[in-house]
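This report concerns only the one structure given below.
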Amino acid sequence: MGNRLSKIYTRTGDDGSTGLGDGSRVAKDSARVTAYGTVDEANSAIGLVLACDIPDEVRRVLVSVQHQMFDLGGELCIPGHAAIGDADIQRLEDQLDHFNADLPPLKDFILPGGGVAAAHCHLARTICRRAEREVVTLSHHDAVRPEAIRFLNRLSDLLFVVARVLARASGHGEVLWNHERRKG
């Protein structure tokens with residue numbers, strides 16, 4: 001277990017640097033800090049979904065995902081550390097397949113919406129996609145385990161499917177993109 005915070009401010013970051021989990025210091029706008037910061041942002045957005053009235057099964061999955069996201073943040077914060085593995089990715093795929101099994105096939109694009117919980121889930125999905133892009137950017141400069149990128153890729157897919165489930169569960173239904181609206 002890492003250090004316990006007894007004091008929230010340390011003033012050590014006042015110069016624009018921050019400490020990584022291995023004790024080294026980097027600029028706060030480094031690719032590594034941006035990547036794990038966006039993972040944290042995605043985790044916070046998942047927290048918004050959890051603050052809504054959602055089915056218990058979805059709640060259990062998203063709480064588990066939040067723990068995995070914290071693990072991933074730790075992996076990215078500590079160069080060389082491994083926390084996310086193939087089993088984590090397989091679990092996401094299994095959950096994705098489970099939730100997707102009862103949904104009708106997509107024939108149109110879906111707009112972000114479908115009730116508060118679904119809209120929050122779409123926001124979490126887009127932040128997760130940004131986190132994935134930023135981890136890829138980090139991988140161009142530093143070693144990043146491919147499991148981290150694969151995890152974020154599957155998670156954004158899972159969040160898309162969960163948003164569909166939540167839109168239907170809320171009674172709002174999915175909001176389909178009307179691509180025909182510009183014709184005529």
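The way I read the labels, and the way they are meant: chains A, B, ... in the order of the structure tokens, residue 1 as the first residue of every chain, and ligand 1 as the first ligand shown, with later ones counted on from there.
Using only C-alpha atoms, the residues found no farther than 8 Å from Met69 (chain A), other than those of its own chain fewer than 4 positions away, are Val39, Asp40, Asn43, Val65 and Gly73 of chain A.
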Review point. Near Ala35 (chain A), counting only C-alpha atoms, which residues have an atom at most 6 Å away, once you skip same-chain residues fewer than 3 positions from it, shown as a PyMOL selection string?
Key: chain A and resi 32+38+131+134-135
Practice item. Excluding Leu123 (chain A) and residues on its chain fewer than 4 positions from it, collect all residues at most 8 Å away from it, counting only C-alpha atoms, and give them as a VMD selection string. Key: chain A and resid 45 112 119 127
Contact residues around region 103-105 of chain A with only C-alpha atoms at 12 Å, ignoring same-chain residues under 3 positions, as a tab-separated table (two decimals) with N, CA, C and O atoms, in the first residue's frame:
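Final output, saved to selection.tsv:
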```tsv
chain	number	residue	atom	x	y	z
A	96	LEU	N	-19.68	-7.45	-21.78
A	96	LEU	CA	-20.17	-6.81	-23.00
A	96	LEU	C	-21.10	-7.77	-23.75
A	96	LEU	O	-22.21	-7.39	-24.16
A	97	ASP	N	-20.65	-9.00	-23.93
A	97	ASP	CA	-21.47	-10.00	-24.63
A	97	ASP	C	-22.78	-10.24	-23.90
A	97	ASP	O	-23.84	-10.37	-24.53
A	98	HIS	N	-22.72	-10.30	-22.58
A	98	HIS	CA	-23.93	-10.54	-21.78
A	98	HIS	C	-24.95	-9.42	-21.97
A	98	HIS	O	-26.12	-9.68	-22.25
A	99	PHE	N	-24.52	-8.18	-21.83
A	99	PHE	CA	-25.45	-7.05	-21.96
A	99	PHE	C	-25.94	-6.87	-23.40
A	99	PHE	O	-27.07	-6.47	-23.64
A	100	ASN	N	-25.07	-7.17	-24.35
A	100	ASN	CA	-25.43	-6.97	-25.76
A	100	ASN	C	-26.39	-8.04	-26.28
A	100	ASN	O	-27.11	-7.81	-27.25
A	108	ASP	N	-28.86	2.07	-37.12
A	108	ASP	CA	-28.56	3.50	-37.22
A	108	ASP	C	-27.59	3.87	-36.12
A	108	ASP	O	-27.45	3.16	-35.12
A	109	PHE	N	-26.95	5.02	-36.29
A	109	PHE	CA	-26.12	5.55	-35.22
A	109	PHE	C	-27.02	6.03	-34.09
A	109	PHE	O	-28.17	6.44	-34.31
A	110	ILE	N	-26.49	6.00	-32.87
A	110	ILE	CA	-27.23	6.44	-31.69
A	110	ILE	C	-26.63	7.75	-31.21
A	110	ILE	O	-25.40	7.87	-31.07
A	160	PHE	N	-20.65	1.79	-24.18
A	160	PHE	CA	-21.62	2.03	-25.25
A	160	PHE	C	-22.82	1.09	-25.10
A	160	PHE	O	-23.98	1.52	-25.14
A	161	VAL	N	-22.54	-0.18	-24.89
A	161	VAL	CA	-23.61	-1.17	-24.74
A	161	VAL	C	-24.41	-0.89	-23.47
A	161	VAL	O	-25.65	-0.96	-23.47
A	162	VAL	N	-23.74	-0.56	-22.38
A	162	VAL	CA	-24.44	-0.25	-21.12
A	162	VAL	C	-25.32	1.00	-21.31
A	162	VAL	O	-26.44	1.05	-20.78
A	163	ALA	N	-24.84	1.98	-22.06
A	163	ALA	CA	-25.67	3.16	-22.33
A	163	ALA	C	-26.96	2.76	-23.05
A	163	ALA	O	-28.04	3.27	-22.75
A	164	ARG	N	-26.85	1.82	-23.97
A	164	ARG	CA	-28.04	1.32	-24.66
A	164	ARG	C	-28.98	0.63	-23.68
A	164	ARG	O	-30.20	0.84	-23.71
A	165	VAL	N	-28.42	-0.18	-22.81
A	165	VAL	CA	-29.22	-0.88	-21.79
A	165	VAL	C	-29.92	0.13	-20.89
A	165	VAL	O	-31.12	0.01	-20.59
A	166	LEU	N	-29.19	1.16	-20.47
A	166	LEU	CA	-29.75	2.16	-19.55
A	166	LEU	C	-30.84	2.99	-20.24
A	166	LEU	O	-31.84	3.34	-19.60
A	167	ALA	N	-30.66	3.31	-21.51
A	167	ALA	CA	-31.69	4.06	-22.24
A	167	ALA	C	-32.99	3.28	-22.29
A	167	ALA	O	-34.08	3.84	-22.11
A	168	ARG	N	-32.88	2.00	-22.49
A	168	ARG	CA	-34.08	1.15	-22.55
A	168	ARG	C	-34.67	0.96	-21.16
A	168	ARG	O	-35.90	0.99	-21.00
A	169	ALA	N	-33.81	0.76	-20.15
A	169	ALA	CA	-34.31	0.54	-18.79
A	169	ALA	C	-35.02	1.77	-18.24
A	169	ALA	O	-35.95	1.65	-17.44
A	173	GLY	N	-35.64	5.19	-24.10
A	173	GLY	CA	-35.25	4.59	-25.37
A	173	GLY	C	-34.05	5.28	-25.97
A	173	GLY	O	-33.60	6.32	-25.50
A	174	GLU	N	-33.52	4.64	-26.99
A	174	GLU	CA	-32.34	5.18	-27.66
A	174	GLU	C	-32.74	6.31	-28.60
A	174	GLU	O	-33.80	6.29	-29.21
```
Review point. For Gly85 (chain A), which of A:Arg145, A:Arg11, A:Lys183, A:His140 is the closest residue, counting only C-alpha atoms?
Key: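 With only C-alpha atoms as the atom set, the closest residue is A:Arg145.
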Review point. Which distance in Å separates CA of Ala31 (chain A) and CA of Arg133 (chain A), to one decimal?
Key: 10.8 Å
DSSP on the backbone: which residues in region 13-122 of chain A end up as strand (DSSP E or B)? Give the answer as a short mmCIF file (atom, residue, chain, number, x, y, z; two decimals) with all heavy atoms, in the first residue's frame.
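Generated file (selection_17.cif):
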```cif
data_model
loop_
_atom_site.label_atom_id
_atom_site.label_comp_id
_atom_site.auth_asym_id
_atom_site.auth_seq_id
_atom_site.Cartn_x
_atom_site.Cartn_y
_atom_site.Cartn_z
N SER A 17 5.49 20.46 -11.58
CA SER A 17 5.89 19.05 -11.67
C SER A 17 5.02 18.23 -10.70
O SER A 17 4.37 18.78 -9.82
CB SER A 17 7.37 18.88 -11.33
OG SER A 17 7.60 19.14 -9.95
N THR A 18 5.04 16.92 -10.90
CA THR A 18 4.32 16.02 -10.01
C THR A 18 5.13 14.75 -9.84
O THR A 18 5.97 14.42 -10.68
CB THR A 18 2.91 15.71 -10.54
OG1 THR A 18 2.15 15.04 -9.53
CG2 THR A 18 2.94 14.86 -11.80
N GLY A 19 4.89 14.07 -8.75
CA GLY A 19 5.61 12.83 -8.47
C GLY A 19 4.87 11.63 -9.03
O GLY A 19 3.66 11.51 -8.89
N ARG A 25 10.00 12.57 -10.70
CA ARG A 25 9.17 13.75 -10.93
C ARG A 25 9.14 14.06 -12.41
O ARG A 25 10.15 13.93 -13.10
CB ARG A 25 9.70 14.94 -10.12
CG ARG A 25 9.58 14.67 -8.61
CD ARG A 25 9.63 15.92 -7.77
NE ARG A 25 8.52 16.83 -7.93
CZ ARG A 25 7.31 16.69 -7.37
NH1 ARG A 25 7.03 15.63 -6.65
NH2 ARG A 25 6.37 17.60 -7.55
N VAL A 26 7.95 14.45 -12.88
CA VAL A 26 7.76 14.82 -14.28
C VAL A 26 6.88 16.05 -14.34
O VAL A 26 6.22 16.42 -13.36
CB VAL A 26 7.10 13.67 -15.09
CG1 VAL A 26 7.99 12.44 -15.13
CG2 VAL A 26 5.73 13.33 -14.54
N ALA A 27 6.86 16.68 -15.51
CA ALA A 27 5.98 17.84 -15.71
C ALA A 27 4.53 17.39 -15.63
O ALA A 27 4.18 16.30 -16.07
CB ALA A 27 6.27 18.49 -17.06
N ILE A 110 -26.49 6.00 -32.87
CA ILE A 110 -27.23 6.44 -31.69
C ILE A 110 -26.63 7.75 -31.21
O ILE A 110 -25.40 7.87 -31.07
CB ILE A 110 -27.15 5.38 -30.57
CG1 ILE A 110 -27.83 4.10 -31.03
CG2 ILE A 110 -27.76 5.90 -29.29
CD1 ILE A 110 -27.64 2.95 -30.07
N LEU A 111 -27.49 8.72 -30.93
CA LEU A 111 -27.03 9.98 -30.36
C LEU A 111 -26.87 9.81 -28.86
O LEU A 111 -27.62 9.06 -28.23
CB LEU A 111 -28.04 11.09 -30.65
CG LEU A 111 -28.28 11.43 -32.11
CD1 LEU A 111 -29.32 12.54 -32.22
CD2 LEU A 111 -26.99 11.84 -32.79
#
```
Practice item. Looking only at alpha helix (DSSP H) from DSSP on the backbone, list the matching residues of region 14-137 of chain A as a PyMOL selection string. Key: chain A and resi 31-50+56-77+86-100+116-137
**Study point:** Surrounding residues of Ala51 (chain A) excluding itself and chain neighbours under 6 positions, 12 Å, only C-alpha atoms, as a list of chain:residue names
**Key:**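 Final neighbour list, sorted by chain and number: A:Ser44, A:Ala45, A:Arg59, A:Leu62, A:Val63, A:Val116, A:Ala117, A:Ala118, A:His120, A:Cys121.
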Check your understanding: Neighbours of Arg125 (chain A) within 9 Å (only C-alpha atoms; same-chain residues fewer than 6 positions away dropped), as a VMD selection string?
Key -> chain A and resid 42 45 to 46 155 to 160 163
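Counting from CA of Ser64 (chain A), the distance to CA of Lys28 (chain A) is 28.4 Å.
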Check your understanding: So what do you get for CA of Ala83 (chain A) versus CA of Ser139 (chain A), distance-wise?
Key ->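 Between CA of Ala83 (chain A) and CA of Ser139 (chain A) the gap works out to 16.4 Å.
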